[in-house]
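Dropping structure_27.pdb in here (PDB, C-alpha atoms):
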ATOM      1  CA  MET A   1      73.985 -26.428-110.490
ATOM      2  CA  TYR A   2      71.398 -26.387-113.256
ATOM      3  CA  ASP A   3      68.391 -28.691-113.556
ATOM      4  CA  THR A   4      69.260 -31.601-115.853
ATOM      5  CA  ASP A   5      65.684 -32.286-116.946
ATOM      6  CA  SER A   6      65.000 -28.701-117.993
ATOM      7  CA  ARG A   7      68.400 -28.588-119.690
ATOM      8  CA  LYS A   8      67.509 -31.674-121.744
ATOM      9  CA  LEU A   9      64.037 -30.360-122.584
ATOM     10  CA  LEU A  10      65.139 -26.875-123.628
ATOM     11  CA  SER A  11      68.129 -28.154-125.615
ATOM     12  CA  ALA A  12      65.936 -30.700-127.410
ATOM     13  CA  LEU A  13      63.356 -27.990-128.080
ATOM     14  CA  CYS A  14      66.038 -25.809-129.697
ATOM     15  CA  HIS A  15      67.262 -28.552-132.013
ATOM     16  CA  GLY A  16      63.823 -30.023-132.651
ATOM     17  CA  ALA A  17      62.189 -26.701-133.538
ATOM     18  CA  ILE A  18      62.863 -27.479-137.204
ATOM     19  CA  PHE A  19      60.224 -30.226-136.920
ATOM     20  CA  PHE A  20      57.534 -27.671-136.025
ATOM     21  CA  ASN A  21      57.635 -25.649-139.181
ATOM     22  CA  PHE A  22      60.004 -24.547-141.915
ATOM     23  CA  THR A  23      59.086 -20.898-141.421
ATOM     24  CA  PHE A  24      60.311 -18.504-138.794
ATOM     25  CA  VAL A  25      59.094 -20.713-135.934
ATOM     26  CA  SER A  26      62.167 -22.911-136.363
ATOM     27  CA  ILE A  27      64.382 -19.860-135.819
ATOM     28  CA  ALA A  28      62.207 -18.087-133.258
ATOM     29  CA  VAL A  29      62.278 -20.910-130.718
ATOM     30  CA  PRO A  30      66.101 -20.986-130.340
ATOM     31  CA  ILE A  31      66.236 -17.168-130.282
ATOM     32  CA  VAL A  32      63.681 -16.952-127.468
ATOM     33  CA  ILE A  33      65.459 -19.667-125.501
ATOM     34  CA  LEU A  34      68.846 -18.015-126.103
ATOM     35  CA  PHE A  35      67.685 -14.741-124.556
ATOM     36  CA  THR A  36      65.566 -16.101-121.701
ATOM     37  CA  VAL A  37      67.595 -18.983-120.238
ATOM     38  CA  LYS A  38      70.616 -18.591-117.958
ATOM     39  CA  ASP A  39      72.016 -22.129-118.379
ATOM     40  CA  PRO A  40      75.256 -21.920-120.439
ATOM     41  CA  VAL A  41      74.805 -25.370-122.028
ATOM     42  CA  VAL A  42      71.285 -24.516-123.166
ATOM     43  CA  LYS A  43      72.547 -21.190-124.548
ATOM     44  CA  GLU A  44      75.242 -22.997-126.554
ATOM     45  CA  ASN A  45      72.692 -25.486-127.858
ATOM     46  CA  ALA A  46      70.389 -22.608-128.847
ATOM     47  CA  LYS A  47      73.220 -20.887-130.754
ATOM     48  CA  GLU A  48      74.180 -24.107-132.496
ATOM     49  CA  ALA A  49      70.567 -24.907-133.411
ATOM     50  CA  LEU A  50      70.091 -21.388-134.743
ATOM     51  CA  ASN A  51      73.202 -21.702-136.893
ATOM     52  CA  PHE A  52      72.058 -25.095-138.179
ATOM     53  CA  HIS A  53      68.573 -23.850-139.049
ATOM     54  CA  LEU A  54      70.054 -20.912-140.959
ATOM     55  CA  ASN A  55      72.354 -23.314-142.808
ATOM     56  CA  VAL A  56      69.413 -25.576-143.672
ATOM     57  CA  TRP A  57      67.500 -22.639-145.146
ATOM     58  CA  LEU A  58      70.504 -21.390-147.114
ATOM     59  CA  CYS A  59      71.399 -24.823-148.498
ATOM     60  CA  GLY A  60      67.762 -25.464-149.380
ATOM     61  CA  LEU A  61      67.582 -22.218-151.351
ATOM     62  CA  ILE A  62      70.847 -22.931-153.173
ATOM     63  CA  ILE A  63      69.905 -26.514-154.038
ATOM     64  CA  THR A  64      66.439 -25.451-155.202
ATOM     65  CA  ALA A  65      67.978 -22.803-157.450
ATOM     66  CA  LEU A  66      70.428 -25.369-158.864
ATOM     67  CA  VAL A  67      67.595 -27.795-159.599
ATOM     68  CA  TRP A  68      65.670 -25.077-161.428
ATOM     69  CA  VAL A  69      68.705 -23.908-163.418
ATOM     70  CA  THR A  70      69.593 -27.447-164.505
ATOM     71  CA  PHE A  71      65.961 -28.283-165.355
ATOM     72  CA  GLY A  72      65.816 -31.013-162.717
ATOM     73  CA  LEU A  73      69.098 -32.767-163.466
ATOM     74  CA  LEU A  74      70.345 -32.102-159.958
ATOM     75  CA  ALA A  75      67.089 -33.207-158.289
ATOM     76  CA  PRO A  76      68.873 -36.032-156.406
ATOM     77  CA  LEU A  77      70.605 -33.282-154.408
ATOM     78  CA  LEU A  78      67.239 -32.480-152.837
ATOM     79  CA  GLY A  79      66.978 -36.046-151.572
ATOM     80  CA  LEU A  80      70.511 -35.968-150.220
ATOM     81  CA  TRP A  81      69.857 -32.610-148.537
ATOM     82  CA  PHE A  82      66.676 -34.001-146.985
ATOM     83  CA  VAL A  83      68.429 -37.089-145.565
ATOM     84  CA  VAL A  84      71.395 -35.114-144.198
ATOM     85  CA  HIS A  85      69.161 -32.431-142.723
ATOM     86  CA  TRP A  86      66.871 -34.832-140.866
ATOM     87  CA  GLY A  87      69.703 -37.183-139.954
ATOM     88  CA  LEU A  88      71.723 -34.423-138.303
ATOM     89  CA  THR A  89      68.649 -33.155-136.463
ATOM     90  CA  ILE A  90      67.863 -36.605-135.076
ATOM     91  CA  TRP A  91      71.521 -37.066-134.117
ATOM     92  CA  ALA A  92      71.443 -33.737-132.248
ATOM     93  CA  LEU A  93      68.270 -34.679-130.400
ATOM     94  CA  TYR A  94      69.727 -38.037-129.392
ATOM     95  CA  SER A  95      72.940 -36.369-128.248
ATOM     96  CA  VAL A  96      71.362 -33.646-126.101
ATOM     97  CA  LEU A  97      68.985 -36.101-124.463
ATOM     98  CA  ASN A  98      71.776 -38.527-123.564
ATOM     99  CA  GLU A  99      74.660 -36.140-122.828
ATOM    100  CA  SER A 100      73.146 -33.139-121.105
ATOM    101  CA  GLU A 101      76.439 -31.846-119.694
ATOM    102  CA  LYS A 102      77.838 -30.576-123.001
ATOM    103  CA  ALA A 103      76.435 -28.761-125.993
ATOM    104  CA  PHE A 104      76.030 -30.529-129.320
ATOM    105  CA  ARG A 105      78.115 -29.274-132.269
ATOM    106  CA  TYR A 106      76.934 -29.887-135.832
ATOM    107  CA  PRO A 107      79.669 -30.842-138.279
ATOM    108  CA  PHE A 108      80.155 -28.991-141.570
ATOM    109  CA  ILE A 109      78.110 -25.852-140.901
ATOM    110  CA  PHE A 110      78.896 -22.164-141.040
ATOM    111  CA  ARG A 111      78.529 -20.553-137.643
ATOM    112  CA  VAL A 112      77.072 -17.069-137.888
ATOM    113  CA  VAL A 113      75.888 -16.587-134.302
TER     114      VAL A 113
END

So that I can check it, write out the structure of this file as C-alpha cells.
Amino acid sequence: MYDTDSRKLLSALCHGAIFFNFTFVSIAVPIVILFTVKDPVVKENAKEALNFHLNVWLCGLIITALVWVTFGLLAPLLGLWFVVHWGLTIWALYSVLNESEKAFRYPFIFRVV
C-alpha cells in the first residue's frame, strides 16, 4: 500500500508545477517525479500533467500567432485560453487532493506521453 499523503503531495506538485513558471520548470517537475516515484497513481498523474503542460504551451503558441496574424482581432481567445488553462489546473489540484486513489484525466487534450 502506498502512502496517501505523499501521493496527494506529489500528484498536486505535478499538476501545480505550471504555477511555478511557464518555462521548462513546469515540464521538468512532472518528468522528475515520473522517473523517480514507484506509485502508479502518481506516475499516471505525472504523465497527465506533462501532457497538459505541453498542450498549454502549444495552444498558447497557436493563439498568440493567430492574434498577431489578425492584428489583435482574436485577442479575446487569449482571455479564454487563460481562464480554461487555470480553471483546469485548479480542478486537477482539487481532484487529486480529494480523490487520491485514482489519477486525474484532463478533458480535451492530446496525449503525447

Report as a compact mmCIF listing (two decimals) with C-alpha atoms, in the coordinates of the input the residues that result from applying the PyMOL selection byres ((chain A and resi 85) around 10) to the structure here.
# COMPACT_ATOMS: atom_id res chain seq x y z
CA ILE A 18 62.86 -27.48 -137.20
CA PHE A 52 72.06 -25.10 -138.18
CA HIS A 53 68.57 -23.85 -139.05
CA ASN A 55 72.35 -23.31 -142.81
CA VAL A 56 69.41 -25.58 -143.67
CA CYS A 59 71.40 -24.82 -148.50
CA GLY A 60 67.76 -25.46 -149.38
CA GLY A 79 66.98 -36.05 -151.57
CA LEU A 80 70.51 -35.97 -150.22
CA TRP A 81 69.86 -32.61 -148.54
CA PHE A 82 66.68 -34.00 -146.99
CA VAL A 83 68.43 -37.09 -145.56
CA VAL A 84 71.40 -35.11 -144.20
CA TRP A 86 66.87 -34.83 -140.87
CA GLY A 87 69.70 -37.18 -139.95
CA LEU A 88 71.72 -34.42 -138.30
CA THR A 89 68.65 -33.16 -136.46
CA ILE A 90 67.86 -36.60 -135.08

For a quick check of understanding, using all atoms listed in the file, which of A:Ala75, A:Met1, A:Val112, A:Cys14 has the smallest distance to A:Asn45?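 Of A:Ala75, A:Met1, A:Val112, A:Cys14, the one nearest A:Asn45, counting all atoms listed in the file, is A:Cys14.
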
Figure out the distance between atom CA of A:Phe108 and atom CA of A:Pro40, please, to one decimal in Å.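 Computed distance, atom CA of A:Pro40 to atom CA of A:Phe108, equals 22.8 Å.
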
Spell out the residues picked by the PyMOL selection byres ((chain A and resi 92) around 12) here, as an MDAnalysis selection string.
chainID A and resid 8 11:18 45:46 48:49 52 85:91 93:100 102:107

Neighbour list for A:Asp39 as a count of residues only, cut-off 9 Å, all atoms listed in the file, skip fewer than 4 positions in-chain:
5

For stretch 58-75 of chain A, what centre and edge lengths in Å (one decimal) does the axis-aligned box get once 4 Å is added on each side of all its listed atoms, as AutoDock Vina command-line options?
--center_x 68.5 --center_y -27.3 --center_z -156.2 --size_x 13.7 --size_y 19.8 --size_z 26.2
